[in-house]
Amino acid sequence: MSETKRLQKSPKHARIYNDLKQSLSEGHFLEGDKLPTEHELANQYGVSRPTVTKALTRLKKEGLITRKIGSGSFVASNVHEVGRHKLFGLVIPNLGRGEIFEPICAQIASLSEEHDFSLLWGGLSINSNPSPDMIEKMVSRFVKNRVAGVFFIPMELTPAYYDVNVKIASMLDGVHIPVVLIDTDYEPFNRRTAHDLVGIDNYHGGYIATEHFLKHGCNRVDYVFRPYSSYTLLQRRIGYQAALQDAGIECTRDCVHCGDPGDMEFVKDEILAKGATNIVCGNDETAAALLHTLQKAGVHVPHDVRLIGFDDVYYSRNLRVPLTTVRQPCKDLGTMAVRTMLDRMSDPALPPRTIFLQGTLVVRESCGTKMMTE
């Protein structure tokens, strides 16, 4: 059968699809160009508009075009890159300090062969405050290497990092490089930027950690976190407060403590002196530091004070008192970050998405559960 006869016998929408795809591949349309309307294509091919819609939807799924309600169909900005090997950038300044980011990045890297991409690290040091020049050089490097998108974990633990985060994101936006945020937005949690976000449901995590104490008869639970922490810790605090409220327990100012858990004076005067005995910590790093300070002060965990952390970093089970914690699904977070980036590349017109996965409570000795029930 000749090619002409084969095409004539193929579904009508397939002919429209093949013709448009060939026109795109041969450069008859430039990036951002508007395609003929559904009405025009229906008249050209002598078919119904639903048939045309089916062909256009197929092109959209392949990332060749974008469709905007009320405006029409447009050639995708990455149309000439479809099918080529992709390069993604990583801006993970907390890599090496926040242990949950290592397995997330490892999972992203492990998917590179399956989805045909490579990774380029942004190169920001965790031990220095990036200058505007450093940020500009990093973004210029991304542009020079023609990265298709950037995975970005915003910085934290210093007030200056907000401006750094905004600078990085605005420069990437300025050159139309898609950004997928991991773990947190760089704006307060009650506001959202125009970027996709993949993270854990921090509200739920704070809730189940607090609920664990309450289920074992505790009538008071405290919350400890470091100054200038990311907005995820505020979300965990809100989950903690909601669990108390649902149990009919008032959360007073004396129950929430912001400071350095490694500071003996802070721990004695602001935590122990105010009667804290059951403590949910903003993360495992805080819990580990607090555990060490309590031991130096002669306070026994879990007999005198009981702790629950958050993240389940690799050392949490190997502390002198193994740490009860909310485990982050790091592998799933990495997988979802890649899927979100690929979806964004396929359809740049998608609205920004917020994807939260749920953590699970891992019970170990630090929360004193066995002691409570004996």
# chains A, B, ... in the order shown; residues from 1 in each chain; ligands from 1
>>> residues_around(residues="A:Pro188", least_positions_apart="3", cutoff="10 Å", atoms="only C-alpha atoms", output="list of chain:residue names")
A:Thr184, A:Asp185, A:Arg191, A:Arg192, A:Thr193, A:Ser230, A:Tyr231, A:Thr232, A:Leu234, A:Gln235
>>> write_last_selection(atoms="N, CA and C atoms", output="tab-separated table (two decimals), in the first residue's frame")
chain	number	residue	atom	x	y	z
A	184	THR	N	10.12	23.60	49.99
A	184	THR	CA	9.43	24.80	50.45
A	184	THR	C	9.43	25.89	49.38
A	185	ASP	N	8.46	26.77	49.48
A	185	ASP	CA	8.50	27.99	48.68
A	185	ASP	C	9.42	28.97	49.39
A	191	ARG	N	1.39	32.55	51.07
A	191	ARG	CA	1.50	33.11	49.72
A	191	ARG	C	2.22	32.07	48.85
A	192	ARG	N	1.98	32.15	47.54
A	192	ARG	CA	2.63	31.20	46.63
A	192	ARG	C	3.21	31.93	45.45
A	193	THR	N	4.40	31.51	45.06
A	193	THR	CA	5.01	32.04	43.85
A	193	THR	C	4.40	31.32	42.65
A	230	SER	N	13.08	27.64	57.75
A	230	SER	CA	12.23	27.77	56.57
A	230	SER	C	10.77	27.72	56.99
A	231	TYR	N	9.91	28.10	56.04
A	231	TYR	CA	8.48	28.17	56.34
A	231	TYR	C	7.89	26.80	56.61
A	232	THR	N	8.60	25.74	56.25
A	232	THR	CA	8.08	24.40	56.54
A	232	THR	C	7.92	24.19	58.04
A	234	LEU	N	7.18	26.42	60.26
A	234	LEU	CA	5.99	27.13	60.71
A	234	LEU	C	4.75	26.30	60.41
A	235	GLN	N	4.74	25.63	59.27
A	235	GLN	CA	3.62	24.75	58.94
A	235	GLN	C	3.53	23.59	59.93
>>> closest_atom_pairs(of="stretch 117-235 of chain A", to="stretch 342-358 of chain A", cutoff="6 Å", atoms="only C-alpha atoms", output="Markdown table")
| residue | atom | partner | partner_atom | distance |
| --- | --- | --- | --- | --- |
| A:Ala194 | CA | A:Pro352 | CA | 5.6 |
| A:His195 | CA | A:Pro352 | CA | 5.5 |
| A:Asp196 | CA | A:Arg353 | CA | 4.8 |
| A:Leu197 | CA | A:Thr354 | CA | 4.8 |
| A:Val198 | CA | A:Ile355 | CA | 4.9 |
| A:Gly199 | CA | A:Phe356 | CA | 5.0 |
| A:Ile200 | CA | A:Leu357 | CA | 4.7 |
| A:Asp201 | CA | A:Phe356 | CA | 5.1 |
>>> select_by_dssp(residues="stretch 265-363 of chain A", states="strand (DSSP E)", output="mmCIF file with N, CA and C atoms, in the first residue's frame")
data_model
loop_
_atom_site.group_PDB
_atom_site.id
_atom_site.type_symbol
_atom_site.label_atom_id
_atom_site.label_comp_id
_atom_site.auth_asym_id
_atom_site.auth_seq_id
_atom_site.Cartn_x
_atom_site.Cartn_y
_atom_site.Cartn_z
ATOM 1 N N ASN A 278 7.492 17.091 77.215
ATOM 2 C CA ASN A 278 7.183 16.372 75.976
ATOM 3 C C ASN A 278 7.346 17.359 74.821
ATOM 4 N N ILE A 279 8.356 17.143 73.995
ATOM 5 C CA ILE A 279 8.746 18.175 73.040
ATOM 6 C C ILE A 279 8.746 17.643 71.604
ATOM 7 N N VAL A 280 8.041 18.365 70.731
ATOM 8 C CA VAL A 280 8.140 18.147 69.286
ATOM 9 C C VAL A 280 9.134 19.171 68.751
ATOM 10 N N CYS A 281 10.172 18.703 68.065
ATOM 11 C CA CYS A 281 11.195 19.595 67.514
ATOM 12 C C CYS A 281 10.931 19.837 66.028
ATOM 13 N N ARG A 306 10.963 13.952 76.967
ATOM 14 C CA ARG A 306 10.741 13.082 75.811
ATOM 15 C C ARG A 306 10.739 13.930 74.528
ATOM 16 N N LEU A 307 11.334 13.393 73.463
ATOM 17 C CA LEU A 307 11.529 14.162 72.230
ATOM 18 C C LEU A 307 10.988 13.430 70.996
ATOM 19 N N ILE A 308 10.465 14.228 70.057
ATOM 20 C CA ILE A 308 10.123 13.747 68.722
ATOM 21 C C ILE A 308 10.707 14.734 67.719
ATOM 22 N N GLY A 309 11.402 14.211 66.706
ATOM 23 C CA GLY A 309 11.993 15.055 65.677
ATOM 24 C C GLY A 309 11.181 15.042 64.402
ATOM 25 N N PHE A 310 11.820 15.444 63.325
ATOM 26 C CA PHE A 310 11.133 15.511 62.028
ATOM 27 C C PHE A 310 12.176 15.392 60.921
ATOM 28 N N ASP A 311 12.009 14.471 60.008
ATOM 29 C CA ASP A 311 12.816 14.229 58.801
ATOM 30 C C ASP A 311 13.282 12.782 58.704
ATOM 31 N N THR A 324 12.673 9.239 67.891
ATOM 32 C CA THR A 324 11.359 9.146 67.257
ATOM 33 C C THR A 324 11.210 10.347 66.335
ATOM 34 N N THR A 325 10.697 10.130 65.120
ATOM 35 C CA THR A 325 10.703 11.209 64.134
ATOM 36 C C THR A 325 9.647 10.979 63.061
ATOM 37 N N VAL A 326 9.321 12.032 62.332
ATOM 38 C CA VAL A 326 8.433 11.931 61.171
ATOM 39 C C VAL A 326 9.310 11.750 59.935
ATOM 40 N N ARG A 327 9.167 10.631 59.284
ATOM 41 C CA ARG A 327 10.025 10.299 58.140
ATOM 42 C C ARG A 327 9.521 10.962 56.868
ATOM 43 N N THR A 354 1.072 22.637 43.490
ATOM 44 C CA THR A 354 1.640 22.342 44.806
ATOM 45 C C THR A 354 1.351 20.882 45.109
ATOM 46 N N ILE A 355 2.400 20.079 45.230
ATOM 47 C CA ILE A 355 2.244 18.634 45.438
ATOM 48 C C ILE A 355 2.860 18.272 46.782
ATOM 49 N N PHE A 356 2.017 17.839 47.714
ATOM 50 C CA PHE A 356 2.474 17.459 49.046
ATOM 51 C C PHE A 356 2.305 15.958 49.248
ATOM 52 N N LEU A 357 3.363 15.297 49.705
ATOM 53 C CA LEU A 357 3.308 13.888 50.079
ATOM 54 C C LEU A 357 3.261 13.787 51.603
ATOM 55 N N THR A 360 5.501 9.697 57.593
ATOM 56 C CA THR A 360 5.051 8.660 58.520
ATOM 57 C C THR A 360 5.842 8.757 59.821
ATOM 58 N N LEU A 361 5.186 8.475 60.927
ATOM 59 C CA LEU A 361 5.844 8.538 62.229
ATOM 60 C C LEU A 361 6.646 7.255 62.467
ATOM 61 N N VAL A 362 7.917 7.428 62.803
ATOM 62 C CA VAL A 362 8.791 6.297 63.133
ATOM 63 C C VAL A 362 9.065 6.366 64.638
#
>>> residues_around(residues="A:Gln107", least_positions_apart="4", cutoff="12 Å", atoms="only C-alpha atoms", output="list in words")
Ile100, Phe101, Glu102, Pro103, Leu111, Ser112, Glu113, Glu114, Leu119, Pro329, Cys330, Lys331, Asp332, Leu333, Gly334, Thr335, Met336, Ala337, Val338 and Arg339 of chain A
>>> write_last_selection(atoms="N, CA and C atoms", output="PDB file, in the first residue's frame")
ATOM      1  N   ILE A 100      18.283  15.332  54.406  1.00  0.00           N
ATOM      2  CA  ILE A 100      17.180  14.806  53.589  1.00  0.00           C
ATOM      3  C   ILE A 100      17.361  15.158  52.121  1.00  0.00           C
ATOM      4  N   PHE A 101      18.146  16.193  51.837  1.00  0.00           N
ATOM      5  CA  PHE A 101      18.293  16.618  50.454  1.00  0.00           C
ATOM      6  C   PHE A 101      19.202  15.685  49.662  1.00  0.00           C
ATOM      7  N   GLU A 102      20.100  14.980  50.327  1.00  0.00           N
ATOM      8  CA  GLU A 102      20.990  14.056  49.630  1.00  0.00           C
ATOM      9  C   GLU A 102      20.224  12.915  48.968  1.00  0.00           C
ATOM     10  N   PRO A 103      19.327  12.207  49.703  1.00  0.00           N
ATOM     11  CA  PRO A 103      18.575  11.140  49.029  1.00  0.00           C
ATOM     12  C   PRO A 103      17.594  11.663  47.993  1.00  0.00           C
ATOM     13  N   LEU A 111      17.042   8.825  38.066  1.00  0.00           N
ATOM     14  CA  LEU A 111      16.029   8.807  37.006  1.00  0.00           C
ATOM     15  C   LEU A 111      16.546   9.410  35.702  1.00  0.00           C
ATOM     16  N   SER A 112      17.816   9.849  35.701  1.00  0.00           N
ATOM     17  CA  SER A 112      18.344  10.554  34.538  1.00  0.00           C
ATOM     18  C   SER A 112      18.395   9.678  33.289  1.00  0.00           C
ATOM     19  N   GLU A 113      18.775   8.429  33.442  1.00  0.00           N
ATOM     20  CA  GLU A 113      18.866   7.559  32.268  1.00  0.00           C
ATOM     21  C   GLU A 113      17.483   7.235  31.720  1.00  0.00           C
ATOM     22  N   GLU A 114      16.551   6.942  32.636  1.00  0.00           N
ATOM     23  CA  GLU A 114      15.196   6.589  32.204  1.00  0.00           C
ATOM     24  C   GLU A 114      14.538   7.725  31.417  1.00  0.00           C
ATOM     25  N   LEU A 119      22.443  16.355  34.913  1.00  0.00           N
ATOM     26  CA  LEU A 119      22.296  17.365  35.961  1.00  0.00           C
ATOM     27  C   LEU A 119      23.530  18.249  36.026  1.00  0.00           C
ATOM     28  N   PRO A 329       9.380  11.015  52.834  1.00  0.00           N
ATOM     29  CA  PRO A 329       9.521  10.030  51.750  1.00  0.00           C
ATOM     30  C   PRO A 329      10.450  10.575  50.667  1.00  0.00           C
ATOM     31  N   CYS A 330      11.755  10.601  50.953  1.00  0.00           N
ATOM     32  CA  CYS A 330      12.720  11.292  50.087  1.00  0.00           C
ATOM     33  C   CYS A 330      12.740  10.744  48.659  1.00  0.00           C
ATOM     34  N   LYS A 331      12.694   9.421  48.528  1.00  0.00           N
ATOM     35  CA  LYS A 331      12.728   8.829  47.194  1.00  0.00           C
ATOM     36  C   LYS A 331      11.519   9.264  46.385  1.00  0.00           C
ATOM     37  N   ASP A 332      10.351   9.242  47.006  1.00  0.00           N
ATOM     38  CA  ASP A 332       9.133   9.654  46.314  1.00  0.00           C
ATOM     39  C   ASP A 332       9.166  11.151  45.979  1.00  0.00           C
ATOM     40  N   LEU A 333       9.766  11.952  46.867  1.00  0.00           N
ATOM     41  CA  LEU A 333       9.877  13.385  46.599  1.00  0.00           C
ATOM     42  C   LEU A 333      10.749  13.642  45.369  1.00  0.00           C
ATOM     43  N   GLY A 334      11.859  12.905  45.258  1.00  0.00           N
ATOM     44  CA  GLY A 334      12.717  13.047  44.088  1.00  0.00           C
ATOM     45  C   GLY A 334      12.018  12.634  42.807  1.00  0.00           C
ATOM     46  N   THR A 335      11.283  11.521  42.878  1.00  0.00           N
ATOM     47  CA  THR A 335      10.540  11.040  41.711  1.00  0.00           C
ATOM     48  C   THR A 335       9.491  12.058  41.279  1.00  0.00           C
ATOM     49  N   MET A 336       8.752  12.588  42.255  1.00  0.00           N
ATOM     50  CA  MET A 336       7.693  13.535  41.932  1.00  0.00           C
ATOM     51  C   MET A 336       8.269  14.847  41.390  1.00  0.00           C
ATOM     52  N   ALA A 337       9.447  15.252  41.881  1.00  0.00           N
ATOM     53  CA  ALA A 337      10.078  16.473  41.372  1.00  0.00           C
ATOM     54  C   ALA A 337      10.410  16.320  39.882  1.00  0.00           C
ATOM     55  N   VAL A 338      10.922  15.153  39.504  1.00  0.00           N
ATOM     56  CA  VAL A 338      11.249  14.910  38.092  1.00  0.00           C
ATOM     57  C   VAL A 338       9.981  14.890  37.239  1.00  0.00           C
ATOM     58  N   ARG A 339       8.961  14.204  37.722  1.00  0.00           N
ATOM     59  CA  ARG A 339       7.710  14.144  36.961  1.00  0.00           C
ATOM     60  C   ARG A 339       7.114  15.538  36.777  1.00  0.00           C
TER      61      ARG A 339
END
>>> select_by_dssp(residues="stretch 118-332 of chain A", states="alpha helix (DSSP H)", output="JSON, numbers by chain")
{"A": [132, 133, 134, 135, 136, 137, 138, 139, 140, 141, 142, 143, 144, 161, 162, 163, 164, 165, 166, 167, 168, 169, 170, 171, 172, 173, 174, 202, 203, 204, 205, 206, 207, 208, 209, 210, 211, 212, 213, 214, 215, 231, 232, 233, 234, 235, 236, 237, 238, 239, 240, 241, 242, 243, 244, 245, 246, 264, 265, 266, 284, 285, 286, 287, 288, 289, 290, 291, 292, 293, 294, 295, 296, 330, 331, 332]}
>>> residues_around(residues="A:Asn145", least_positions_apart="6", cutoff="10 Å", atoms="only C-alpha atoms", output="list of chain:residue names")
A:Leu87, A:Phe88, A:Gly89, A:Leu120, A:Val139
>>> atom_distance(atom1="atom CA of A:Asp246", atom2="atom CA of A:Ile208")
12.0 Å
>>> closest_residue(among="A:Pro154, A:Gly282, A:Gly239, A:Gly149", to="A:Asp173", atoms="only C-alpha atoms")
A:Gly149
>>> residues_around(residues="A:Pro36", least_positions_apart="5", cutoff="9 Å", atoms="only C-alpha atoms", output="list of chain:residue names")
A:Leu41, A:Gly72, A:Ser73
>>> write_last_selection(atoms="C-alpha atoms", output="PDB file, in the first residue's frame")
ATOM      1  CA  LEU A  41      -8.354  23.486  10.395  1.00  0.00           C
ATOM      2  CA  GLY A  72      -5.814  29.240  20.615  1.00  0.00           C
ATOM      3  CA  SER A  73      -2.840  26.910  20.090  1.00  0.00           C
TER       4      SER A  73
END
>>> closest_residue(among="A:Asp163, A:Glu265, A:Glu250, A:Glu365", to="A:Pro302", atoms="only C-alpha atoms")
A:Glu365
>>> closest_residue(among="A:Leu64, A:Asn165, A:Asp254, A:Pro11", to="A:Leu30", atoms="only C-alpha atoms")
A:Leu64
>>> atom_distance(atom1="atom CA of A:Leu56", atom2="atom CA of A:Met341")
21.8 Å
